[in-house]
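Student: One structure, as C-alpha cells, below. Some questions next.
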Amino acid sequence: MSRRALLFAVIVAFCLGGAGAYVRYAAQRGSPAALVPQPSPGSRQTPVSDPTPFLSPGESSPAGPLLVFRHTSLDQHNGVLGIAPLSDPAAPRFVARLRCERVHMAAGRGVCLTADRGVFTTYGAVLFDQTFNPVAELPLVGAPSRLQLAPDGTLAATTVFVTGHSYATVGFSTRTSIIDLDTRQWLVEDLETFTVRRQNQPMHAADFNFWGVTFMPGARRFYATLGTGGETLLVTGDVDARTVEVIEDSVECPSLSPDGRRVAFKHRDGGLIGPITWRLWVLNLDSRRRHPLAETRSVDDQVQWLDDEQVLYALPGGAERPAVMDQWVVPADGGGEPRLFLPQAYSAAVVRGDPDRGSAVSLGQGTEVPKPKPAR
Amino acid sequence: MAAASRLRYRGAAPRNVLVLGLTSFFTDISSEALTAVLPLYFVLELRMTPLQFGLLDGLYQGASALVRVAGGLVADARRGYKPVAFVGYALSAICKLGLLLVGSVWAAIAALLMIDRLGKGIRTAPRDALIAQSSEPSRLGAAFGLHRTMDTAGAALGPIVAFAVLAAAPGAYDAVFVVSLAVALVGLAVFGLFVENRRDRPERAGSGASARARLTAVLASRRFLTLVVAGGLLGLVTASDALIYLLLQGRGAVPPTLFPLLFVGTATVYLILALPAGRLADRWGRHRVFLAGQGLVLCLYGLLIAADLSAAGIVACVALLGAYYAATDGVLAALAASILPEDHLTTGLAIVGTTTALSRLLASSLFGALWSWRGPTEALVVFGLGLLCTAVLAAVLLRVARPWTPATAA
C-alpha cells in the first residue's frame with residue numbers, strides 16, 4: 001500500500017512538476033501577448049512606450065494610401081495593429097496599444113475587433129480615430145469573424161461567431177451588426193431583424209444567418225451573405241429602410257470593388273464531413289457573370305480589393321506555423337498567379353481616404369514599436 | 001477476498017467510490033480545460049470555421065454512445081470492469097498527447113477528438129458498474145451522487161485551470177494541452193493504482209456468453225426494458241442545455257459577458273445537489289426522484305414559455321436545470337444498477353446510457369427543427385406537452401419496477 005502511495009506521489013510530482021515547468025517555459029519563450037511592450041513601472045520611459053510620431057510630416061508618402069492589418073508573427077507583436085504605406089508594405093510600423101483580431105479603416109476612422117482572453121473571454125469593438133487613439137468600445141457577443149467599414153467612414157459592420165461553450169456545443173451561428181461611427185453606438189444590433197425579400201416575395205425562416213457585409217460607396221446600402229437552409233445567398237440591403245433583397249446564390253463573404261461594379265467572394269466546394277474548402281471568385285454585378293480566380297488553395301477570408309484589378313486575402317502559413325497568416329494577392333480577372341504580398345499579416349485592409357473630404361488619411365501620432373524579427 | 005467486506009461499507013462512502021470520484025475529478029479537469037479553449041484555438045488561432053468541427057460533434061457523440069455498449073459487453077464477458085475502464089481513460093490521455101504533436105492538421109485533430117470521445121464511451125459503463133459493485137445496494141443513489149459531485153466539480157474547475165494557464169502564458173495553447181495531459185495522467189494513476197476491481201465471486205459458467213446472447217438476456221427482463229424505454233422516451237422530449245441557454249439568452253437578454261455564468265451556475269447547482277438527491281433517492285424511492293427531475297424540466301419549460309424573464313427568473317431556470325441533472329443522471333444509473341443482475345451489469349448500464357444519450361441527441365435536432373419551423377415558444381409547448389404525457393406514462397411504467405429477483409436474471 002505504501003509502495004503504491006509512493007509510486008503515486010512520484011507520478012503526481014512528475015506530471016505536475018513537468019506541466020508547471022512547461023507553463024513557465026511557455027510564458028517566457030516569447031509567446032504573443034506577454035511580450036507586447038508595457039510601460040515599465042517605476043523606470044524612466046522606454047522608447048517603445050514613448051509616443052513618437054508615426055510618420056513625421058516630412059516623411060515620405062504620408063498622403064498615399066495605407067495598409068492596416070493584424071500582425072501575426074509568433075513574437076511579442078502578435079495581434080498588434082500594423083500600418084504600412086501601400087507603396088512599401090514591407091516597412092510596417094505598429095500601434096502597440098491596439099491588438100486586433102480584425103481591423104479596418106476608412107476616411108480617418110477605424111475599428112479594431114478585440115478578444116480579451118481570460119477565464120471568461122470577452123470580445124469588443126474598439127473605435128479609434130485617425131491618430132489611432134481609442135474613442136469608444138462596444139461589447140461583442142462572440143469571437144470576431146468579419147469587419148468592414150463604409151468607404152466614407154460613417155458605418156461599420158461586424159460579424160461574430162456565436163458559439164457554444166465547453167459544457168455544451170451549439171452548432172454554429174453568426175451575428176452581424178452595424179455600428180454608427182458618428183454616434184459611436186449600435187445602429188443595428190442584429191441584421192436578422194431586417195425584412196428579407198426574394199424575387200419580390202417576403203421570405204421567412206428561423207435559421208437566417210447574415211455575415212460578411214460590404215458597403216456601397218456613397219450610399220447607406222450594402223451587400224452581404226444570407227445563409228439559410230444550406231444556401232448562401234448574396235443580398236443587397238438598405239440600412240435605413242431595414243430591408244434586404246436576395247439577388248444571387250452561392251456567394252459567401254462578398255467584397256465590393258472600389259469602382260462598385262464587381263464583388264469578390266468565396267465559393268464553397270463540397271466537404272460535408274471533411275474539411276470545407278472555399279475558392280475565390282468574382283461576380284460582375286452588371287452582367288451577373290462570375291469567374292474563378294487563379295488562387296486554387298482554400299481561402300476562408302473576406303477578401304479586400306488592393307485596387308480595381310487585384311484582390312488581397314489571407315492564407316495560413318503552412319503546417320509548421322499554422323497560427324501565422326500571410327497576405328496574398330491575385331488578379332481579379334481570373335488570370336495571372338497568386339503572389340505573396342505581405343507575410344505575417346491578417347485582416348489587411350487598404351485605407352484610401354475619403355475622396356469627398358478631399359484629404360487622404362492623416363496619420364497623426366501613433367505609438368511606434370521596433371520592427372519585429374522575421375518569422376521562425 | 002478479505003478486503004471485500006471492508007470496502008463494501010465504511011462510513012459515509014465506500015473507498016472505491018471516493019477513488020473513482022477522484023479519478024473523474026481529474027479526468028474532467030483535463031477534458032474540460034481542453035474543450036474550454038478549443039473553440040478559441042480553432043476560430044481565433046487556426047482560423048477555422050465553427051461549422052467545421054460543429055458538424056463532427058454530433059457524429060462523435062453517436063459513435064461514443066455505440067462504443068459504450070461494446071465496452072459494456074467486453075467488461076461483462078471478462079468480468080473485468082477495471083481493465084476496460086482503464087483502456088478508456090488511457091485512450092483519452094493519449095489523445096491529449098497527440099493534440100500536442102499534430103499541430104494544425106485538420107484531419108488529425110478530428111481523429112484525435114474522435115479517440116477522446118471513444119475513450120469516454122468505453123470507460124463510462126464499467127466505471128458505473130464499479131461504483132455500483134462497491135456500494136451497498138441500499139445506498140446506490142448516494143454512491144452515484146457522490147461520484148457525480150466530484151465529476152462535476154472537476155468539469156467546473158477545468159475551464160478555470162485552462163484560462164489560468166492562458167493568463168500566465170498568453171496565447172500558449174500548447175501549454176494548456178500539456179497541463180491537460182498531466183492532469184489526465186494523474187487521473188489515470190489514481191484509477192490504476194487505487195481502484196479495486198470488484199470480483200467477489202468466482203466466474204460463473206454464463207459469464208462467457210456471446211455478445212448476442214448477453215444482449216438478449218439483458219433485454220429479456222421486462223423491468224429493465226421498461227426502464228430503458230422510459231429513459232429513452234423522456235430523453236426524446238428533453239431539450240439540450242445548449243438550447244436552453246440559447247433560449248435564456250433570447251428571453252432574458254442575458255448580457256454576453258455573463259453568458260458563461262449560465263454554465264457555471266448549472267454545474268454548481270448540480271454538484272451541490274447531486275449527493276442530497278442521491279440520498280433522497282435511496283430513502284424515498286429512486287423512481288420517484290427520477291420522475292421529480294422530469295417535473296423540474298416541466299417547470300423550466302413553463303418559465304421559458306412565460307416570455308420575458310427577470311434576473312430572478314434566469315437564476316431560477318439555471319437552478320432548475322442543475323437540479324434536474326442532480327435528480328436524474330446519477331439516479332438513473334442507480335435505478336438501473338439496482339435491477340440489473342451482476343452478470344450483465346455493465347452491458348445494462350451501457351444500454352441505459354446509450355439510449356438516453358441517443359434520444360437526447362435526437363431531441364436536440366427535433367427541437368432545432370421545431371424552432372426553425374414555428375419558433376421557440378411553439379417548440380417549448382410541443383416539448384412540454386410531450387414531456388407531460390411521457391412523464392405520466394413513465395410514472396405508470398416505473399411504479400411497477402421492483403428490485404430484480406435472481407429468478408428472472410437466469
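Here, A, B, ... name the chains of the C-alpha cells in the order displayed, residue numbers run from 1 inside each chain, and ligands are numbered from 1 in the same displayed order.
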For Pro65 in chain A, list every protein, DNA or RNA residue within 7 Å, evaluated using only C-alpha atoms, and leave out those in the same chain fewer than 6 positions away; present the list as a list of chain:residue names.
Tutor: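 Surrounding residues, per the criterion: A:Pro85, A:Leu86, A:Val350, A:Val351, A:Arg352.
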Student: May I have the residues within 7 Å of range 232-239 of chain A as a ChimeraX atom specification, using only C-alpha atoms and disregarding those fewer than 3 positions away in the same chain?
Tutor: /A:220-228,242-252
Student: Would you list, as a ChimeraX atom specification, the residues of range 184-390 of chain B that end up in alpha helix (DSSP H) under DSSP run on this structure's backbone?
Tutor: /B:184-194,211-220,222-236,241-252,259-284,286-305,311-339,345-373,376-390
Student: Hey, what's within 10 Å of range 253-256 of chain A if we count only C-alpha atoms and toss same-chain stuff fewer than 3 positions away? As a ChimeraX atom specification, please?
Tutor: /A:146,148,210-217,222-226,232-235,259-267,281-283,285,300-305,308,311
Student: Deliver the residues from the most recent selection as a file, using C-alpha atoms, as a PDB file, in the first residue's frame.
Tutor:
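Done, and the output landed in out-v6.pdb:
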ATOM      1  CA  ARG A 146     -15.619  39.813 -40.256  1.00  0.00           C
ATOM      2  CA  GLN A 148     -15.899  46.162 -42.866  1.00  0.00           C
ATOM      3  CA  PHE A 210     -26.010  37.023 -42.032  1.00  0.00           C
ATOM      4  CA  TRP A 211     -22.314  37.525 -42.481  1.00  0.00           C
ATOM      5  CA  GLY A 212     -19.709  39.409 -44.461  1.00  0.00           C
ATOM      6  CA  VAL A 213     -21.200  42.863 -45.057  1.00  0.00           C
ATOM      7  CA  THR A 214     -19.574  45.145 -47.672  1.00  0.00           C
ATOM      8  CA  PHE A 215     -20.817  48.725 -48.067  1.00  0.00           C
ATOM      9  CA  MET A 216     -21.534  50.555 -51.334  1.00  0.00           C
ATOM     10  CA  PRO A 217     -19.663  53.805 -51.815  1.00  0.00           C
ATOM     11  CA  PHE A 222     -24.579  47.179 -48.599  1.00  0.00           C
ATOM     12  CA  TYR A 223     -24.090  43.653 -49.909  1.00  0.00           C
ATOM     13  CA  ALA A 224     -23.902  40.675 -47.548  1.00  0.00           C
ATOM     14  CA  THR A 225     -24.289  36.911 -47.304  1.00  0.00           C
ATOM     15  CA  LEU A 226     -27.538  35.409 -46.069  1.00  0.00           C
ATOM     16  CA  THR A 232     -25.549  31.053 -49.131  1.00  0.00           C
ATOM     17  CA  LEU A 233     -27.309  33.949 -50.836  1.00  0.00           C
ATOM     18  CA  LEU A 234     -25.967  37.315 -51.941  1.00  0.00           C
ATOM     19  CA  VAL A 235     -28.261  40.050 -50.683  1.00  0.00           C
ATOM     20  CA  ASP A 259     -15.478  51.055 -58.533  1.00  0.00           C
ATOM     21  CA  GLY A 260     -18.568  49.337 -57.109  1.00  0.00           C
ATOM     22  CA  ARG A 261     -19.108  47.111 -60.175  1.00  0.00           C
ATOM     23  CA  ARG A 262     -17.774  43.749 -59.059  1.00  0.00           C
ATOM     24  CA  VAL A 263     -17.980  41.567 -55.989  1.00  0.00           C
ATOM     25  CA  ALA A 264     -15.186  39.222 -54.965  1.00  0.00           C
ATOM     26  CA  PHE A 265     -16.378  36.330 -52.829  1.00  0.00           C
ATOM     27  CA  LYS A 266     -15.610  32.833 -51.634  1.00  0.00           C
ATOM     28  CA  HIS A 267     -17.436  29.896 -53.159  1.00  0.00           C
ATOM     29  CA  TRP A 281     -14.500  34.051 -57.387  1.00  0.00           C
ATOM     30  CA  VAL A 282     -15.513  37.407 -58.778  1.00  0.00           C
ATOM     31  CA  LEU A 283     -19.056  38.329 -59.793  1.00  0.00           C
ATOM     32  CA  LEU A 285     -22.733  42.965 -60.985  1.00  0.00           C
ATOM     33  CA  ASP A 300     -11.576  31.440 -45.685  1.00  0.00           C
ATOM     34  CA  ASP A 301     -11.492  35.212 -45.609  1.00  0.00           C
ATOM     35  CA  GLN A 302     -13.445  38.274 -46.659  1.00  0.00           C
ATOM     36  CA  VAL A 303     -11.077  39.444 -49.384  1.00  0.00           C
ATOM     37  CA  GLN A 304     -10.170  43.108 -49.814  1.00  0.00           C
ATOM     38  CA  TRP A 305      -9.500  44.937 -53.057  1.00  0.00           C
ATOM     39  CA  ASP A 308      -9.677  47.750 -59.088  1.00  0.00           C
ATOM     40  CA  VAL A 311      -7.687  41.294 -54.537  1.00  0.00           C
TER      41      VAL A 311
END
Student: Using only C-alpha atoms for the distances, tell me which of B:Leu273, B:Gly154, B:Glu342, B:Leu247 is nearest to Phe259 in chain B.
Tutor: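 That would be B:Leu247, the residue with the smallest distance to Phe259 in chain B.
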Student: Interatomic distance between CA of Gln201 in chain A and CA of Trp373 in chain B?
Tutor: 18.4 Å
Student: So which residues touch Ala391 in chain B within 8 Å, counting only C-alpha atoms, skipping near sequence neighbours fewer than 4 positions away, as number ranges by chain?
Tutor: B: 234, 291, 294, 387, 395
Student: As a count of residues only, please: every residue in range 161-268 of chain A that a backbone DSSP assignment puts in strand (DSSP E or B).
Tutor: 64
Student: Pick out the closest residue to chain B from this set: A:Val160, A:Ala143, A:Val80, A:Ala91. Count only C-alpha atoms.
Tutor: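 Result for the nearest residue to chain B: A:Ala143.
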